[in-house]
>>> print(open('final15.txt').read())   # compact mmCIF, C-alpha atoms
# COMPACT_ATOMS: atom_id res chain seq x y z
CA MET A 1 12.05 -48.79 3.29
CA SER A 2 12.21 -46.96 6.54
CA GLY A 3 9.19 -46.32 8.72
CA THR A 4 9.49 -42.53 8.45
CA THR A 5 7.90 -40.59 5.67
CA GLU A 6 9.39 -37.34 4.58
CA SER A 7 6.94 -34.54 4.00
CA PRO A 8 7.23 -32.88 0.63
CA ASP A 9 8.79 -29.44 0.39
CA PRO A 10 6.34 -26.71 1.31
CA LYS A 11 4.60 -25.19 -1.67
CA VAL A 12 6.15 -21.89 -2.76
CA TRP A 13 3.85 -20.83 -5.62
CA TRP A 14 0.10 -21.16 -6.09
CA SER A 15 -1.77 -20.67 -9.33
CA LEU A 16 -4.78 -18.40 -9.64
CA GLN A 17 -7.05 -21.44 -9.68
CA GLU A 18 -5.44 -22.89 -6.54
CA VAL A 19 -5.87 -19.58 -4.70
CA CYS A 20 -9.51 -19.51 -5.79
CA GLU A 21 -10.02 -23.02 -4.45
CA LYS A 22 -8.34 -22.13 -1.13
CA THR A 23 -10.29 -18.90 -0.63
CA GLY A 24 -13.62 -19.65 -2.30
CA LEU A 25 -13.22 -16.62 -4.55
CA GLU A 26 -13.77 -16.41 -8.30
CA PRO A 27 -10.80 -15.63 -10.58
CA HIS A 28 -12.35 -12.37 -11.79
CA VAL A 29 -12.58 -11.18 -8.17
CA LEU A 30 -8.86 -11.71 -7.62
CA ARG A 31 -8.02 -9.98 -10.89
CA PHE A 32 -10.22 -7.04 -9.87
CA TRP A 33 -8.60 -6.86 -6.44
CA GLU A 34 -5.20 -6.60 -8.14
CA THR A 35 -6.40 -3.38 -9.75
CA GLU A 36 -7.77 -2.00 -6.47
CA PHE A 37 -5.05 -2.99 -4.01
CA PRO A 38 -1.52 -1.97 -5.06
CA GLN A 39 -0.06 -4.34 -2.47
CA LEU A 40 -1.50 -7.35 -4.31
CA ARG A 41 0.90 -8.00 -7.17
CA PRO A 42 1.38 -11.70 -7.90
CA ARG A 43 4.24 -12.68 -10.14
CA LYS A 44 3.36 -13.51 -13.71
CA GLY A 45 5.04 -16.48 -15.32
CA SER A 46 6.50 -16.49 -18.80
CA ASN A 47 3.14 -17.66 -20.15
CA GLY A 48 1.29 -14.85 -18.30
CA THR A 49 -0.20 -17.01 -15.54
CA ARG A 50 -0.36 -15.52 -12.08
CA GLN A 51 1.82 -17.07 -9.40
CA TYR A 52 0.95 -16.29 -5.80
CA ARG A 53 3.44 -16.63 -2.95
CA GLU A 54 2.57 -17.04 0.73
CA LYS A 55 2.58 -13.27 1.27
CA GLU A 56 0.07 -12.69 -1.57
CA LEU A 57 -2.06 -15.56 -0.30
CA SER A 58 -2.11 -14.00 3.18
CA LEU A 59 -2.99 -10.64 1.67
CA VAL A 60 -5.87 -12.15 -0.31
CA GLU A 61 -7.19 -13.70 2.92
CA ARG A 62 -6.89 -10.33 4.70
CA ILE A 63 -8.67 -8.47 1.89
CA ARG A 64 -11.37 -11.14 1.84
CA ALA A 65 -11.90 -10.72 5.59
CA LEU A 66 -12.07 -6.93 5.32
CA LEU A 67 -14.50 -6.88 2.41
CA LEU A 68 -16.68 -9.91 3.04
CA ASP A 69 -16.55 -10.44 6.80
CA GLU A 70 -16.20 -6.86 8.07
CA LYS A 71 -18.22 -5.48 5.11
CA LEU A 72 -15.81 -2.59 4.51
CA THR A 73 -15.84 -0.60 1.29
CA LEU A 74 -12.86 -0.88 -1.06
CA GLN A 75 -11.60 2.50 0.12
CA ALA A 76 -11.93 1.56 3.79
CA ALA A 77 -10.21 -1.78 3.17
CA ARG A 78 -7.31 -0.03 1.39
CA LYS A 79 -6.99 2.35 4.31
CA ARG A 80 -7.05 -0.50 6.82
CA LEU A 81 -4.30 -2.34 4.93
CA VAL A 82 -2.19 0.80 4.99
CA GLU A 83 -2.85 1.23 8.71
CA ASP A 84 -1.94 -2.41 9.26
CA ARG A 85 1.48 -1.66 7.82
CA GLY A 86 1.92 1.43 9.99
CA ARG A 87 1.78 3.87 7.10
CA VAL A 88 -0.46 6.72 6.05
CA ASP A 89 -2.50 7.10 2.88
CA PRO A 90 -0.30 8.34 0.07
CA ILE A 91 -0.43 11.90 -1.08
CA GLY A 92 2.32 11.05 -3.54
CA GLN A 93 2.07 10.17 -7.19
CA LEU A 94 1.24 6.84 -8.77
CA GLY A 95 -0.48 5.50 -5.67
CA LEU A 96 2.84 4.86 -3.96
CA LEU A 97 2.63 4.18 -0.28
CA LEU A 98 4.72 6.73 1.52
CA PRO A 99 6.11 6.26 5.01
CA GLU A 100 4.63 8.50 7.66
CA PRO A 101 6.73 11.67 7.84
CA GLU A 102 8.76 12.13 10.95
CA THR A 103 7.60 15.02 13.04
CA ALA A 104 10.19 17.67 13.72
CA PRO A 105 10.46 18.98 17.25
CA VAL A 106 8.47 22.16 17.76
CA GLN A 107 10.70 25.19 18.16
CA ASP A 108 9.89 28.68 19.30
CA LEU A 109 9.18 30.68 16.17
CA ASP A 110 10.32 34.24 15.69
CA LYS A 111 7.08 35.58 14.22
CA ASP A 112 8.56 39.01 13.45
CA ALA A 113 11.37 37.44 11.42
CA ILE A 114 8.88 35.25 9.55
CA VAL A 115 6.74 38.28 8.69
CA ARG A 116 9.83 40.19 7.47
CA ASP A 117 10.91 37.24 5.32
CA LEU A 118 7.43 36.85 3.84
CA ARG A 119 7.23 40.58 3.05
CA GLU A 120 10.59 40.36 1.33
CA VAL A 121 9.42 37.42 -0.79
CA LEU A 122 6.21 39.27 -1.64
CA ASP A 123 8.18 42.36 -2.67
CA LEU A 124 10.47 40.25 -4.84
CA LEU A 125 7.46 38.69 -6.52
CA ARG A 126 5.67 41.99 -7.02
CA PHE A 127 8.53 44.29 -7.95
CA GLY A 128 11.51 42.07 -8.63
CA ARG A 129 13.32 43.76 -5.76
CA ARG A 130 12.91 44.76 -2.19
CA SER A 131 10.72 47.80 -1.67
CA TRP A 132 12.54 48.92 1.44
>>> encode(input="final15.txt", output="structure tokens")
Amino acid sequence: MSGTTESPDPKVWWSLQEVCEKTGLEPHVLRFWETEFPQLRPRKGSNGTRQYREKELSLVERIRALLLDEKLTLQAARKRLVEDRGRVDPIGQLGLLLPEPETAPVQDLDKDAIVRDLREVLDLLRFGRRSW
């Protein structure tokens, strides 16, 4: 035997119970958080058990800090997580997180042309044709 000991491979997956032991949270709390935070989606094994990776474990710790240490509401914690990722709250469907839209450079607007175009659209809607 040599005098060096090899460290075991770093753990890749944690069970729900192991995450609970690491964080001091109850299993029902983690399950509830999965319904409230779309970012928290642990893998489910073939037998239906949750398997948490390092990124989910970090996210659980962050959510725990926001809710229990900073005393934020669920809504405020969701918003903070979105802000942490540099995104805005979704207006889209299905709770998808949408990237912040790029702002177009402001151009000088031809207000007279806009008014003419809007009148034309209004005429088309009202009469099915232009009135002038």
>>> closest_residue(input="final15.txt", among="A:Val121, A:Gly128, A:Asp112, A:Phe37", to="Ala77 in chain A", atoms="only C-alpha atoms")
A:Phe37
>>> closest_residue(input="final15.txt", among="A:Leu40, A:Leu25, A:Val82, A:Leu122", to="Ser58 in chain A", atoms="only C-alpha atoms")
A:Leu40
>>> closest_residue(input="final15.txt", among="A:Gly24, A:Gly48, A:Arg43, A:Gln75", to="Val60 in chain A", atoms="only C-alpha atoms")
A:Gly24
>>> residues_near_point(input="final15.txt", point="(-2.0, -19.5, -9.8)", cutoff="10 Å", atoms="all atoms listed in the file", output="PyMOL selection string")
chain A and resi 13-20+27+42-45+49-53
>>> write_last_selection(input="final15.txt", atoms="C-alpha atoms", output="PDB file, keeping the file's coordinate frame")
ATOM      1  CA  TRP A  13       3.850 -20.830  -5.620  1.00  0.00           C
ATOM      2  CA  TRP A  14       0.100 -21.160  -6.090  1.00  0.00           C
ATOM      3  CA  SER A  15      -1.770 -20.670  -9.330  1.00  0.00           C
ATOM      4  CA  LEU A  16      -4.780 -18.400  -9.640  1.00  0.00           C
ATOM      5  CA  GLN A  17      -7.050 -21.440  -9.680  1.00  0.00           C
ATOM      6  CA  GLU A  18      -5.440 -22.890  -6.540  1.00  0.00           C
ATOM      7  CA  VAL A  19      -5.870 -19.580  -4.700  1.00  0.00           C
ATOM      8  CA  CYS A  20      -9.510 -19.510  -5.790  1.00  0.00           C
ATOM      9  CA  PRO A  27     -10.800 -15.630 -10.580  1.00  0.00           C
ATOM     10  CA  PRO A  42       1.380 -11.700  -7.900  1.00  0.00           C
ATOM     11  CA  ARG A  43       4.240 -12.680 -10.140  1.00  0.00           C
ATOM     12  CA  LYS A  44       3.360 -13.510 -13.710  1.00  0.00           C
ATOM     13  CA  GLY A  45       5.040 -16.480 -15.320  1.00  0.00           C
ATOM     14  CA  THR A  49      -0.200 -17.010 -15.540  1.00  0.00           C
ATOM     15  CA  ARG A  50      -0.360 -15.520 -12.080  1.00  0.00           C
ATOM     16  CA  GLN A  51       1.820 -17.070  -9.400  1.00  0.00           C
ATOM     17  CA  TYR A  52       0.950 -16.290  -5.800  1.00  0.00           C
ATOM     18  CA  ARG A  53       3.440 -16.630  -2.950  1.00  0.00           C
TER      19      ARG A  53
END
>>> residues_around(input="final15.txt", residues="Leu66 in chain A", least_positions_apart="2", cutoff="12 Å", atoms="only C-alpha atoms", output="PyMOL selection string")
chain A and resi 59-64+68-81+84
>>> write_last_selection(input="final15.txt", atoms="C-alpha atoms", output="PDB file, in the coordinates of the input")
ATOM      1  CA  LEU A  59      -2.990 -10.640   1.670  1.00  0.00           C
ATOM      2  CA  VAL A  60      -5.870 -12.150  -0.310  1.00  0.00           C
ATOM      3  CA  GLU A  61      -7.190 -13.700   2.920  1.00  0.00           C
ATOM      4  CA  ARG A  62      -6.890 -10.330   4.700  1.00  0.00           C
ATOM      5  CA  ILE A  63      -8.670  -8.470   1.890  1.00  0.00           C
ATOM      6  CA  ARG A  64     -11.370 -11.140   1.840  1.00  0.00           C
ATOM      7  CA  LEU A  68     -16.680  -9.910   3.040  1.00  0.00           C
ATOM      8  CA  ASP A  69     -16.550 -10.440   6.800  1.00  0.00           C
ATOM      9  CA  GLU A  70     -16.200  -6.860   8.070  1.00  0.00           C
ATOM     10  CA  LYS A  71     -18.220  -5.480   5.110  1.00  0.00           C
ATOM     11  CA  LEU A  72     -15.810  -2.590   4.510  1.00  0.00           C
ATOM     12  CA  THR A  73     -15.840  -0.600   1.290  1.00  0.00           C
ATOM     13  CA  LEU A  74     -12.860  -0.880  -1.060  1.00  0.00           C
ATOM     14  CA  GLN A  75     -11.600   2.500   0.120  1.00  0.00           C
ATOM     15  CA  ALA A  76     -11.930   1.560   3.790  1.00  0.00           C
ATOM     16  CA  ALA A  77     -10.210  -1.780   3.170  1.00  0.00           C
ATOM     17  CA  ARG A  78      -7.310  -0.030   1.390  1.00  0.00           C
ATOM     18  CA  LYS A  79      -6.990   2.350   4.310  1.00  0.00           C
ATOM     19  CA  ARG A  80      -7.050  -0.500   6.820  1.00  0.00           C
ATOM     20  CA  LEU A  81      -4.300  -2.340   4.930  1.00  0.00           C
ATOM     21  CA  ASP A  84      -1.940  -2.410   9.260  1.00  0.00           C
TER      22      ASP A  84
END
>>> atom_distance(input="final15.txt", atom1="CA of Glu83 in chain A", atom2="CA of Glu21 in chain A")
28.5 Å
>>> closest_residue(input="final15.txt", among="A:Leu30, A:Thr23, A:Asp110, A:Ser46", to="Ala65 in chain A", atoms="all atoms listed in the file")
A:Thr23
>>> closest_residue(input="final15.txt", among="A:Glu56, A:Arg116, A:Asn47, A:Val12", to="Trp33 in chain A", atoms="only C-alpha atoms")
A:Glu56
>>> atom_distance(input="final15.txt", atom1="CA of Asp108 in chain A", atom2="CA of Leu125 in chain A")
27.8 Å
>>> atom_distance(input="final15.txt", atom1="CA of Gln39 in chain A", atom2="CA of Lys22 in chain A")
19.7 Å
>>> axis_aligned_box(input="final15.txt", around="range 45-56 of chain A", padding_each_side="4 Å", output="AutoDock Vina command-line options")
--center_x 3.1 --center_y -15.2 --center_z -9.4 --size_x 14.9 --size_y 13.0 --size_z 29.4
